[in-house]
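Chemist: My file is upload.txt. It has compact mmCIF, N, CA and C atoms and all ligand atoms:
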# COMPACT_ATOMS: atom_id res chain seq x y z
N MET M 122 -7.70 10.30 -11.85
CA MET M 122 -8.57 9.17 -11.55
C MET M 122 -8.10 7.95 -12.33
N SER M 123 -8.26 6.83 -11.70
CA SER M 123 -7.84 5.59 -12.32
C SER M 123 -8.65 5.30 -13.58
N GLU M 124 -7.97 4.78 -14.57
CA GLU M 124 -8.71 4.37 -15.76
C GLU M 124 -9.22 2.95 -15.60
N VAL M 125 -8.81 2.27 -14.54
CA VAL M 125 -9.21 0.89 -14.31
C VAL M 125 -10.29 0.80 -13.25
N LEU M 126 -10.08 1.47 -12.13
CA LEU M 126 -11.01 1.38 -11.01
C LEU M 126 -11.77 2.69 -10.89
N LYS M 127 -13.08 2.62 -11.08
CA LYS M 127 -13.91 3.83 -11.06
C LYS M 127 -14.45 4.11 -9.66
N GLU M 128 -14.78 3.06 -8.96
CA GLU M 128 -15.28 3.22 -7.60
C GLU M 128 -14.89 2.00 -6.80
N ILE M 129 -14.77 2.19 -5.50
CA ILE M 129 -14.44 1.07 -4.63
C ILE M 129 -15.70 0.24 -4.45
N PRO M 130 -15.68 -1.02 -4.91
CA PRO M 130 -16.92 -1.80 -4.96
C PRO M 130 -17.28 -2.47 -3.63
N TYR M 131 -16.74 -1.97 -2.55
CA TYR M 131 -17.06 -2.55 -1.24
C TYR M 131 -16.86 -1.46 -0.20
N LYS M 132 -17.40 -1.69 0.96
CA LYS M 132 -17.25 -0.72 2.04
C LYS M 132 -15.93 -1.00 2.77
N ILE M 133 -15.10 0.03 2.88
CA ILE M 133 -13.85 -0.14 3.61
C ILE M 133 -14.14 -0.06 5.10
N GLU M 134 -13.82 -1.11 5.81
CA GLU M 134 -14.00 -1.10 7.26
C GLU M 134 -12.76 -0.45 7.88
N LYS M 135 -12.93 0.72 8.45
CA LYS M 135 -11.81 1.45 9.06
C LYS M 135 -11.84 1.20 10.56
N SER M 136 -11.04 0.23 10.99
CA SER M 136 -11.10 -0.13 12.40
C SER M 136 -10.50 0.96 13.28
N LYS M 137 -10.92 0.94 14.53
CA LYS M 137 -10.50 1.94 15.51
C LYS M 137 -8.98 1.89 15.67
N GLY M 138 -8.40 3.06 15.69
CA GLY M 138 -6.95 3.15 15.84
C GLY M 138 -6.20 3.22 14.52
N MET M 139 -6.91 2.94 13.41
CA MET M 139 -6.28 2.93 12.09
C MET M 139 -6.44 4.26 11.34
N GLU M 140 -7.03 5.24 12.00
CA GLU M 140 -7.27 6.53 11.34
C GLU M 140 -6.02 7.13 10.70
N PRO M 141 -4.84 7.09 11.39
CA PRO M 141 -3.65 7.67 10.76
C PRO M 141 -3.27 7.00 9.43
N PHE M 142 -3.57 5.73 9.29
CA PHE M 142 -3.30 5.04 8.02
C PHE M 142 -4.17 5.62 6.91
N TRP M 143 -5.48 5.67 7.15
CA TRP M 143 -6.41 6.13 6.11
C TRP M 143 -6.22 7.61 5.82
N GLU M 144 -6.01 8.41 6.88
CA GLU M 144 -5.76 9.84 6.67
C GLU M 144 -4.44 10.04 5.93
N GLY M 145 -3.47 9.20 6.22
CA GLY M 145 -2.18 9.28 5.54
C GLY M 145 -2.34 9.07 4.04
N LEU M 146 -3.14 8.09 3.66
CA LEU M 146 -3.37 7.86 2.23
C LEU M 146 -3.98 9.10 1.58
N ASN M 147 -4.88 9.76 2.28
CA ASN M 147 -5.49 10.98 1.74
C ASN M 147 -4.49 12.13 1.69
N ASP M 148 -3.39 12.04 2.46
CA ASP M 148 -2.32 13.04 2.41
C ASP M 148 -1.14 12.56 1.56
N ASN M 149 -1.37 11.54 0.71
CA ASN M 149 -0.33 10.98 -0.16
C ASN M 149 0.85 10.42 0.62
N GLN M 150 0.54 9.75 1.72
CA GLN M 150 1.57 9.10 2.52
C GLN M 150 1.13 7.67 2.84
N LEU M 151 2.13 6.79 2.93
CA LEU M 151 1.87 5.43 3.39
C LEU M 151 2.42 5.35 4.80
N ARG M 152 1.52 5.32 5.77
CA ARG M 152 1.93 5.32 7.17
C ARG M 152 1.75 3.94 7.78
N THR M 153 2.65 3.63 8.69
CA THR M 153 2.49 2.40 9.45
C THR M 153 2.97 2.63 10.87
N THR M 154 2.82 1.62 11.69
CA THR M 154 3.22 1.76 13.09
C THR M 154 4.63 1.24 13.31
N LYS M 155 5.28 1.85 14.30
CA LYS M 155 6.60 1.42 14.73
C LYS M 155 6.52 1.21 16.24
N CYS M 156 7.06 0.09 16.69
CA CYS M 156 7.05 -0.23 18.11
C CYS M 156 8.14 0.56 18.81
N MET M 157 7.78 1.23 19.89
CA MET M 157 8.75 2.02 20.65
C MET M 157 9.71 1.12 21.43
N LYS M 158 9.31 -0.11 21.70
CA LYS M 158 10.13 -1.02 22.50
C LYS M 158 11.19 -1.72 21.64
N CYS M 159 10.77 -2.36 20.55
CA CYS M 159 11.72 -3.13 19.73
C CYS M 159 12.08 -2.42 18.42
N GLU M 160 11.41 -1.31 18.13
CA GLU M 160 11.67 -0.47 16.96
C GLU M 160 11.36 -1.12 15.62
N ASN M 161 10.60 -2.22 15.63
CA ASN M 161 10.18 -2.84 14.38
C ASN M 161 9.06 -2.04 13.74
N LEU M 162 9.15 -1.94 12.40
CA LEU M 162 8.05 -1.37 11.62
C LEU M 162 7.11 -2.52 11.26
N HIS M 163 5.82 -2.26 11.31
CA HIS M 163 4.83 -3.28 10.98
C HIS M 163 4.14 -2.93 9.67
N TYR M 164 3.75 -3.90 8.95
CA TYR M 164 2.80 -3.69 7.86
C TYR M 164 2.04 -4.98 7.66
N PRO M 165 0.73 -4.93 7.71
CA PRO M 165 -0.10 -3.75 7.95
C PRO M 165 0.14 -3.16 9.34
N PRO M 166 -0.29 -1.90 9.53
CA PRO M 166 -0.09 -1.27 10.83
C PRO M 166 -0.71 -2.09 11.95
N SER M 167 -0.09 -2.00 13.10
CA SER M 167 -0.59 -2.70 14.27
C SER M 167 -0.62 -1.71 15.43
N PRO M 168 -1.68 -0.88 15.49
CA PRO M 168 -1.68 0.23 16.45
C PRO M 168 -1.83 -0.16 17.90
N VAL M 169 -2.24 -1.38 18.19
CA VAL M 169 -2.51 -1.77 19.58
C VAL M 169 -1.40 -2.61 20.18
N LEU M 170 -0.94 -3.61 19.42
CA LEU M 170 -0.01 -4.58 19.98
C LEU M 170 1.08 -4.90 18.95
N CYS M 171 2.35 -4.85 19.38
CA CYS M 171 3.44 -5.21 18.49
C CYS M 171 3.44 -6.72 18.25
N PRO M 172 3.36 -7.16 16.99
CA PRO M 172 3.36 -8.60 16.72
C PRO M 172 4.72 -9.26 16.95
N VAL M 173 5.76 -8.47 17.18
CA VAL M 173 7.10 -9.02 17.40
C VAL M 173 7.38 -9.21 18.89
N CYS M 174 7.18 -8.14 19.69
CA CYS M 174 7.55 -8.21 21.12
C CYS M 174 6.36 -8.01 22.05
N PHE M 175 5.17 -7.85 21.49
CA PHE M 175 3.95 -7.62 22.26
C PHE M 175 3.96 -6.30 23.03
N GLY M 176 4.84 -5.40 22.61
CA GLY M 176 4.83 -4.06 23.19
C GLY M 176 3.54 -3.34 22.83
N THR M 177 3.19 -2.35 23.61
CA THR M 177 1.91 -1.66 23.39
C THR M 177 2.07 -0.17 23.10
N GLU M 178 3.31 0.32 23.00
CA GLU M 178 3.50 1.73 22.67
C GLU M 178 3.98 1.86 21.23
N MET M 179 3.15 2.45 20.40
CA MET M 179 3.46 2.61 18.98
C MET M 179 3.50 4.08 18.60
N ILE M 180 4.27 4.36 17.57
CA ILE M 180 4.20 5.65 16.93
C ILE M 180 3.91 5.39 15.45
N TRP M 181 3.38 6.40 14.78
CA TRP M 181 3.10 6.28 13.35
C TRP M 181 4.24 6.89 12.57
N GLU M 182 4.66 6.19 11.52
CA GLU M 182 5.74 6.69 10.65
C GLU M 182 5.32 6.59 9.20
N SER M 183 5.80 7.53 8.40
CA SER M 183 5.55 7.47 6.96
C SER M 183 6.65 6.65 6.31
N LEU M 184 6.26 5.72 5.47
CA LEU M 184 7.23 4.87 4.77
C LEU M 184 7.68 5.57 3.49
N PRO M 185 8.86 5.19 2.99
CA PRO M 185 9.28 5.71 1.70
C PRO M 185 8.27 5.32 0.61
N LEU M 186 8.13 6.16 -0.38
CA LEU M 186 7.17 5.89 -1.46
C LEU M 186 7.88 5.26 -2.65
N SER M 187 8.77 4.31 -2.35
CA SER M 187 9.52 3.63 -3.41
C SER M 187 9.82 2.21 -2.97
N GLY M 188 10.04 1.36 -3.97
CA GLY M 188 10.33 -0.02 -3.66
C GLY M 188 10.73 -0.79 -4.91
N THR M 189 10.93 -2.11 -4.72
CA THR M 189 11.40 -2.97 -5.79
C THR M 189 10.41 -4.12 -5.98
N VAL M 190 10.07 -4.38 -7.23
CA VAL M 190 9.09 -5.43 -7.55
C VAL M 190 9.70 -6.79 -7.23
N THR M 191 8.99 -7.58 -6.42
CA THR M 191 9.46 -8.94 -6.11
C THR M 191 8.75 -9.97 -6.99
N THR M 192 7.51 -9.72 -7.34
CA THR M 192 6.79 -10.56 -8.28
C THR M 192 5.52 -9.83 -8.69
N PHE M 193 4.86 -10.35 -9.69
CA PHE M 193 3.61 -9.71 -10.14
C PHE M 193 2.79 -10.72 -10.92
N THR M 194 1.53 -10.39 -11.12
CA THR M 194 0.66 -11.24 -11.91
C THR M 194 -0.34 -10.38 -12.68
N TYR M 195 -0.79 -10.89 -13.79
CA TYR M 195 -1.83 -10.22 -14.55
C TYR M 195 -3.18 -10.71 -14.04
N VAL M 196 -4.03 -9.79 -13.67
CA VAL M 196 -5.38 -10.14 -13.25
C VAL M 196 -6.26 -9.99 -14.48
N SER M 197 -6.48 -11.13 -15.16
CA SER M 197 -7.20 -11.08 -16.44
C SER M 197 -8.70 -11.19 -16.25
N ALA M 198 -9.14 -11.62 -15.08
CA ALA M 198 -10.57 -11.65 -14.77
C ALA M 198 -10.80 -10.66 -13.64
N PRO M 199 -10.92 -9.37 -13.99
CA PRO M 199 -10.98 -8.34 -12.94
C PRO M 199 -12.22 -8.48 -12.06
N PRO M 200 -12.08 -8.20 -10.77
CA PRO M 200 -13.21 -8.27 -9.85
C PRO M 200 -14.17 -7.09 -10.06
N ALA M 201 -15.28 -7.11 -9.37
CA ALA M 201 -16.28 -6.05 -9.47
C ALA M 201 -15.63 -4.69 -9.24
N GLY M 202 -16.03 -3.73 -10.05
CA GLY M 202 -15.51 -2.37 -9.90
C GLY M 202 -14.39 -2.06 -10.86
N PHE M 203 -13.74 -3.07 -11.40
CA PHE M 203 -12.65 -2.87 -12.34
C PHE M 203 -13.18 -3.07 -13.75
N ASP M 204 -12.83 -2.15 -14.63
CA ASP M 204 -13.41 -2.27 -15.96
C ASP M 204 -12.48 -2.95 -16.96
N LYS M 205 -11.27 -3.28 -16.54
CA LYS M 205 -10.40 -4.06 -17.42
C LYS M 205 -9.30 -4.74 -16.60
N GLN M 206 -8.53 -5.58 -17.25
CA GLN M 206 -7.49 -6.29 -16.53
C GLN M 206 -6.40 -5.33 -16.05
N TYR M 207 -5.66 -5.78 -15.05
CA TYR M 207 -4.60 -4.95 -14.51
C TYR M 207 -3.51 -5.85 -13.96
N ILE M 208 -2.43 -5.24 -13.54
CA ILE M 208 -1.31 -5.98 -12.96
C ILE M 208 -1.33 -5.79 -11.45
N LEU M 209 -1.25 -6.91 -10.73
CA LEU M 209 -1.13 -6.87 -9.28
C LEU M 209 0.34 -7.15 -8.96
N ALA M 210 0.99 -6.22 -8.27
CA ALA M 210 2.42 -6.35 -8.01
C ALA M 210 2.70 -6.50 -6.52
N SER M 211 3.73 -7.28 -6.24
CA SER M 211 4.27 -7.39 -4.89
C SER M 211 5.55 -6.57 -4.86
N VAL M 212 5.60 -5.59 -3.99
CA VAL M 212 6.71 -4.64 -3.98
C VAL M 212 7.33 -4.56 -2.58
N ARG M 213 8.65 -4.77 -2.55
CA ARG M 213 9.35 -4.61 -1.27
C ARG M 213 9.61 -3.13 -1.09
N ILE M 214 8.90 -2.54 -0.13
CA ILE M 214 9.01 -1.10 0.13
C ILE M 214 10.35 -0.81 0.79
N ASP M 215 11.03 0.21 0.32
CA ASP M 215 12.31 0.60 0.91
C ASP M 215 12.11 0.86 2.40
N LYS M 216 13.05 0.42 3.19
CA LYS M 216 13.06 0.59 4.64
C LYS M 216 12.14 -0.39 5.37
N LEU M 217 11.15 -0.97 4.66
CA LEU M 217 10.25 -1.94 5.28
C LEU M 217 10.72 -3.31 4.83
N ASP M 218 10.99 -4.19 5.74
CA ASP M 218 11.54 -5.49 5.39
C ASP M 218 10.43 -6.45 4.99
N LYS M 219 9.60 -6.01 4.08
CA LYS M 219 8.41 -6.78 3.72
C LYS M 219 7.88 -6.27 2.39
N ALA M 220 7.27 -7.18 1.64
CA ALA M 220 6.64 -6.77 0.39
C ALA M 220 5.15 -6.58 0.61
N ILE M 221 4.59 -5.61 -0.08
CA ILE M 221 3.16 -5.38 0.01
C ILE M 221 2.54 -5.46 -1.38
N LEU M 222 1.26 -5.77 -1.42
CA LEU M 222 0.57 -5.93 -2.69
C LEU M 222 -0.16 -4.66 -3.09
N GLY M 223 -0.19 -4.41 -4.38
CA GLY M 223 -0.96 -3.28 -4.87
C GLY M 223 -1.07 -3.35 -6.37
N ARG M 224 -1.99 -2.57 -6.91
CA ARG M 224 -2.15 -2.49 -8.35
C ARG M 224 -0.99 -1.72 -8.95
N PHE M 225 -0.61 -2.13 -10.14
CA PHE M 225 0.42 -1.42 -10.89
C PHE M 225 -0.23 -0.69 -12.03
N HIS M 226 0.09 0.58 -12.16
CA HIS M 226 -0.45 1.38 -13.25
C HIS M 226 0.53 1.34 -14.41
N GLY M 227 0.20 0.58 -15.43
CA GLY M 227 1.08 0.47 -16.58
C GLY M 227 0.86 -0.86 -17.27
N GLU M 228 1.57 -1.06 -18.35
CA GLU M 228 1.36 -2.25 -19.17
C GLU M 228 2.46 -3.29 -19.00
N LYS M 229 3.66 -2.85 -18.63
CA LYS M 229 4.81 -3.75 -18.64
C LYS M 229 5.59 -3.62 -17.33
N LEU M 230 5.97 -4.77 -16.79
CA LEU M 230 6.67 -4.78 -15.51
C LEU M 230 7.62 -5.96 -15.50
N GLU M 231 8.75 -5.82 -14.81
CA GLU M 231 9.71 -6.90 -14.66
C GLU M 231 10.06 -7.03 -13.18
N ILE M 232 10.38 -8.24 -12.75
CA ILE M 232 10.85 -8.44 -11.40
C ILE M 232 12.15 -7.65 -11.25
N GLY M 233 12.28 -6.93 -10.17
CA GLY M 233 13.47 -6.11 -9.94
C GLY M 233 13.28 -4.66 -10.35
N ASP M 234 12.20 -4.36 -11.07
CA ASP M 234 11.94 -2.96 -11.45
C ASP M 234 11.74 -2.10 -10.21
N ARG M 235 12.21 -0.87 -10.29
CA ARG M 235 11.94 0.11 -9.24
C ARG M 235 10.60 0.77 -9.54
N VAL M 236 9.79 0.90 -8.51
CA VAL M 236 8.50 1.56 -8.67
C VAL M 236 8.32 2.59 -7.56
N GLN M 237 7.40 3.50 -7.80
CA GLN M 237 7.04 4.47 -6.78
C GLN M 237 5.55 4.36 -6.50
N LEU M 238 5.17 4.77 -5.30
CA LEU M 238 3.77 4.80 -4.96
C LEU M 238 3.20 6.15 -5.34
N THR M 239 2.06 6.11 -6.02
CA THR M 239 1.31 7.33 -6.25
C THR M 239 -0.08 7.08 -5.67
N PHE M 240 -0.87 8.11 -5.63
CA PHE M 240 -2.16 8.00 -4.97
C PHE M 240 -3.26 8.45 -5.90
N GLU M 241 -4.39 7.76 -5.81
CA GLU M 241 -5.55 8.15 -6.60
C GLU M 241 -6.75 8.19 -5.68
N LYS M 242 -7.51 9.23 -5.84
CA LYS M 242 -8.69 9.42 -5.02
C LYS M 242 -9.87 8.75 -5.70
N ILE M 243 -10.52 7.86 -4.96
CA ILE M 243 -11.70 7.17 -5.47
C ILE M 243 -12.79 7.42 -4.44
N GLY M 244 -13.77 8.22 -4.81
CA GLY M 244 -14.76 8.65 -3.82
C GLY M 244 -14.07 9.57 -2.81
N ASP M 245 -14.21 9.27 -1.54
CA ASP M 245 -13.58 10.13 -0.53
C ASP M 245 -12.34 9.49 0.08
N GLN M 246 -11.82 8.43 -0.54
CA GLN M 246 -10.64 7.77 -0.01
C GLN M 246 -9.58 7.61 -1.09
N SER M 247 -8.37 8.06 -0.79
CA SER M 247 -7.25 7.81 -1.69
C SER M 247 -6.68 6.42 -1.41
N LEU M 248 -6.23 5.79 -2.47
CA LEU M 248 -5.55 4.49 -2.36
C LEU M 248 -4.23 4.61 -3.09
N PHE M 249 -3.26 3.80 -2.70
CA PHE M 249 -1.98 3.86 -3.42
C PHE M 249 -2.00 2.92 -4.61
N ILE M 250 -1.17 3.26 -5.57
CA ILE M 250 -1.01 2.44 -6.76
C ILE M 250 0.47 2.54 -7.14
N PHE M 251 1.05 1.46 -7.65
CA PHE M 251 2.45 1.48 -8.04
C PHE M 251 2.57 1.99 -9.48
N GLN M 252 3.69 2.65 -9.71
CA GLN M 252 3.94 3.22 -11.03
C GLN M 252 5.43 3.11 -11.30
N SER M 253 5.81 2.90 -12.54
CA SER M 253 7.23 2.80 -12.87
C SER M 253 7.95 4.09 -12.54
N VAL M 254 9.20 3.94 -12.11
CA VAL M 254 10.04 5.10 -11.91
C VAL M 254 10.63 5.42 -13.28
N THR M 255 10.28 6.57 -13.79
CA THR M 255 10.78 6.95 -15.11
C THR M 255 11.96 7.89 -14.92
N GLY M 256 12.99 7.64 -15.63
CA GLY M 256 14.16 8.47 -15.46
C GLY M 256 14.79 8.86 -16.77
ZN ZN X 301 7.91 -4.49 19.44
When written as structure tokens, how does the structure in this file appear?
Ligand SMILES: [Zn+2]
Modeler:
Amino acid sequence: MSEVLKEIPYKIEKSKGMEPFWEGLNDNQLRTTKCMKCENLHYPPSPVLCPVCFGTEMIWESLPLSGTVTTFTYVSAPPAGFDKQYILASVRIDKLDKAILGRFHGEKLEIGDRVQLTFEKIGDQSLFIFQSVTG
């Protein structure tokens, strides 16, 4: 369990068609949609319509659980639900030509650091969190 976030302080709206994303998080996977027509991966997932070619046939794919930090910031005034400050990181996920935001579990981070996604269960929903790759 996270030492920073004890409970999700808002209701997660799980829109129709996004079930594989949320279920994937509970299975320790980061899933997104891939367009069968143009083969682009989307993030966030776009289960109905491809934002690139407007294709309508998607499949779900699991993304690699690793990436590279593109930038980060210290959140020194944590929002409701967080009991202390934390680092919010932008990470370019391997294979996905895009950076995504998430909390970083740790005290020190540099641009260019390799991180991995891990999962923490908060209530009945797992969420991903970035963690340093230790070697
Ligand atoms: Zn497409």
Chemist: Contacts between ligand ZN 301 (chain X) and chain M, please, where a residue of chain M counts if it comes within 8 Å (with only N, CA and C atoms and all ligand atoms); show its shortest atom pair and distance in Å to one decimal, rows by chain and ascending number, as a Markdown table.
Modeler:
| residue | atom | partner | partner_atom | distance |
| --- | --- | --- | --- | --- |
| M:Lys155 | C | X:ZN301 | ZN | 6.7 |
| M:Cys156 | CA | X:ZN301 | ZN | 4.5 |
| M:Met157 | N | X:ZN301 | ZN | 5.7 |
| M:Lys158 | C | X:ZN301 | ZN | 4.8 |
| M:Cys159 | N | X:ZN301 | ZN | 3.7 |
| M:Glu160 | N | X:ZN301 | ZN | 4.9 |
| M:Asn161 | N | X:ZN301 | ZN | 5.2 |
| M:Leu162 | N | X:ZN301 | ZN | 7.6 |
| M:Leu170 | C | X:ZN301 | ZN | 6.9 |
| M:Cys171 | CA | X:ZN301 | ZN | 4.6 |
| M:Pro172 | N | X:ZN301 | ZN | 5.8 |
| M:Val173 | C | X:ZN301 | ZN | 4.8 |
| M:Cys174 | N | X:ZN301 | ZN | 3.7 |
| M:Phe175 | N | X:ZN301 | ZN | 4.8 |
| M:Gly176 | N | X:ZN301 | ZN | 4.5 |
| M:Thr177 | N | X:ZN301 | ZN | 6.7 |
| M:Glu178 | N | X:ZN301 | ZN | 7.5 |
Chemist: Can I get the selected residues back with N, CA and C atoms, as a compact mmCIF listing (two decimals), keeping the file's coordinate frame?
Modeler:
# COMPACT_ATOMS: atom_id res chain seq x y z
N LYS M 155 5.28 1.85 14.30
CA LYS M 155 6.60 1.42 14.73
C LYS M 155 6.52 1.21 16.24
N CYS M 156 7.06 0.09 16.69
CA CYS M 156 7.05 -0.23 18.11
C CYS M 156 8.14 0.56 18.81
N MET M 157 7.78 1.23 19.89
CA MET M 157 8.75 2.02 20.65
C MET M 157 9.71 1.12 21.43
N LYS M 158 9.31 -0.11 21.70
CA LYS M 158 10.13 -1.02 22.50
C LYS M 158 11.19 -1.72 21.64
N CYS M 159 10.77 -2.36 20.55
CA CYS M 159 11.72 -3.13 19.73
C CYS M 159 12.08 -2.42 18.42
N GLU M 160 11.41 -1.31 18.13
CA GLU M 160 11.67 -0.47 16.96
C GLU M 160 11.36 -1.12 15.62
N ASN M 161 10.60 -2.22 15.63
CA ASN M 161 10.18 -2.84 14.38
C ASN M 161 9.06 -2.04 13.74
N LEU M 162 9.15 -1.94 12.40
CA LEU M 162 8.05 -1.37 11.62
C LEU M 162 7.11 -2.52 11.26
N LEU M 170 -0.94 -3.61 19.42
CA LEU M 170 -0.01 -4.58 19.98
C LEU M 170 1.08 -4.90 18.95
N CYS M 171 2.35 -4.85 19.38
CA CYS M 171 3.44 -5.21 18.49
C CYS M 171 3.44 -6.72 18.25
N PRO M 172 3.36 -7.16 16.99
CA PRO M 172 3.36 -8.60 16.72
C PRO M 172 4.72 -9.26 16.95
N VAL M 173 5.76 -8.47 17.18
CA VAL M 173 7.10 -9.02 17.40
C VAL M 173 7.38 -9.21 18.89
N CYS M 174 7.18 -8.14 19.69
CA CYS M 174 7.55 -8.21 21.12
C CYS M 174 6.36 -8.01 22.05
N PHE M 175 5.17 -7.85 21.49
CA PHE M 175 3.95 -7.62 22.26
C PHE M 175 3.96 -6.30 23.03
N GLY M 176 4.84 -5.40 22.61
CA GLY M 176 4.83 -4.06 23.19
C GLY M 176 3.54 -3.34 22.83
N THR M 177 3.19 -2.35 23.61
CA THR M 177 1.91 -1.66 23.39
C THR M 177 2.07 -0.17 23.10
N GLU M 178 3.31 0.32 23.00
CA GLU M 178 3.50 1.73 22.67
C GLU M 178 3.98 1.86 21.23
Chemist: For segment 147-161 of chain M, what centre and edge lengths in Å (one decimal) does the axis-aligned box get once 8 Å is added on each side of all its listed atoms, as JSON?
Modeler:
{"center_x": 3.3, "center_y": 5.0, "center_z": 11.2, "size_x": 33.6, "size_y": 32.2, "size_z": 38.7}
Chemist: The residues within 6 Å of (12.2, 3.7, 6.1), using only C-alpha atoms and the coordinates of the file, should be reported as an MDAnalysis selection string; which are they?
Modeler: chainID M and resid 184:185 216
Chemist: Nearest to Ser253 of chain M: which of M:Thr194, M:Ser211, M:Ser187, M:Thr153 is it, counting only C-alpha atoms?
Modeler: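 Ranked by minimum distance to Ser253 of chain M, first place goes to M:Ser187.
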Chemist: What's the separation between atom C of Trp181 of chain M and atom CA of Arg152 of chain M, in Å to one decimal place?
Modeler: 6.1 Å
Chemist: Write down as a list of chain:residue names the residues of chain M whose backbone DSSP state falls under alpha helix (DSSP H).
Modeler: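 Of chain M, only M:Glu140, M:Pro141, M:Phe142, M:Trp143, M:Glu144, M:Gly145, M:Leu146, M:Asn147 fall in alpha helix (DSSP H).
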Chemist: Using all atoms listed in the file, which of the listed residues (M:Gln150, M:Thr191, M:Ile180, M:Tyr207) sits closest to Thr239 of chain M?
Modeler: M:Gln150
Chemist: Which of chain M counts as strand (DSSP E) under DSSP, as a ChimeraX atom specification please?
Modeler: /M:152-156,179-183,187-196,207-214,220-226,235-243,246-253
Chemist: Which is closer to Ile129 of chain M than all the others in M:Leu230, M:Ala201, M:Ile250, M:Val212, using only C-alpha atoms?
Modeler: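 So, comparing all the options, the nearest one is M:Ala201.
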Chemist: Can you tell me which residues surround Leu238 of chain M at a distance of at most 6.5 Å, considering all atoms listed in the file, apart from same-chain residues fewer than 5 positions away, and format the answer as a list of chain:residue names?
Modeler: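 Final neighbour list, sorted by chain and number: M:Leu186, M:Ser187, M:Gly188, M:Phe249, M:Ile250, M:Phe251, M:Gln252.
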Chemist: Take the residues just selected and output them with N, CA and C atoms as a compact mmCIF listing (two decimals), in the frame of the given file.
Modeler:
# COMPACT_ATOMS: atom_id res chain seq x y z
N LEU M 186 8.13 6.16 -0.38
CA LEU M 186 7.17 5.89 -1.46
C LEU M 186 7.88 5.26 -2.65
N SER M 187 8.77 4.31 -2.35
CA SER M 187 9.52 3.63 -3.41
C SER M 187 9.82 2.21 -2.97
N GLY M 188 10.04 1.36 -3.97
CA GLY M 188 10.33 -0.02 -3.66
C GLY M 188 10.73 -0.79 -4.91
N PHE M 249 -3.26 3.80 -2.70
CA PHE M 249 -1.98 3.86 -3.42
C PHE M 249 -2.00 2.92 -4.61
N ILE M 250 -1.17 3.26 -5.57
CA ILE M 250 -1.01 2.44 -6.76
C ILE M 250 0.47 2.54 -7.14
N PHE M 251 1.05 1.46 -7.65
CA PHE M 251 2.45 1.48 -8.04
C PHE M 251 2.57 1.99 -9.48
N GLN M 252 3.69 2.65 -9.71
CA GLN M 252 3.94 3.22 -11.03
C GLN M 252 5.43 3.11 -11.30
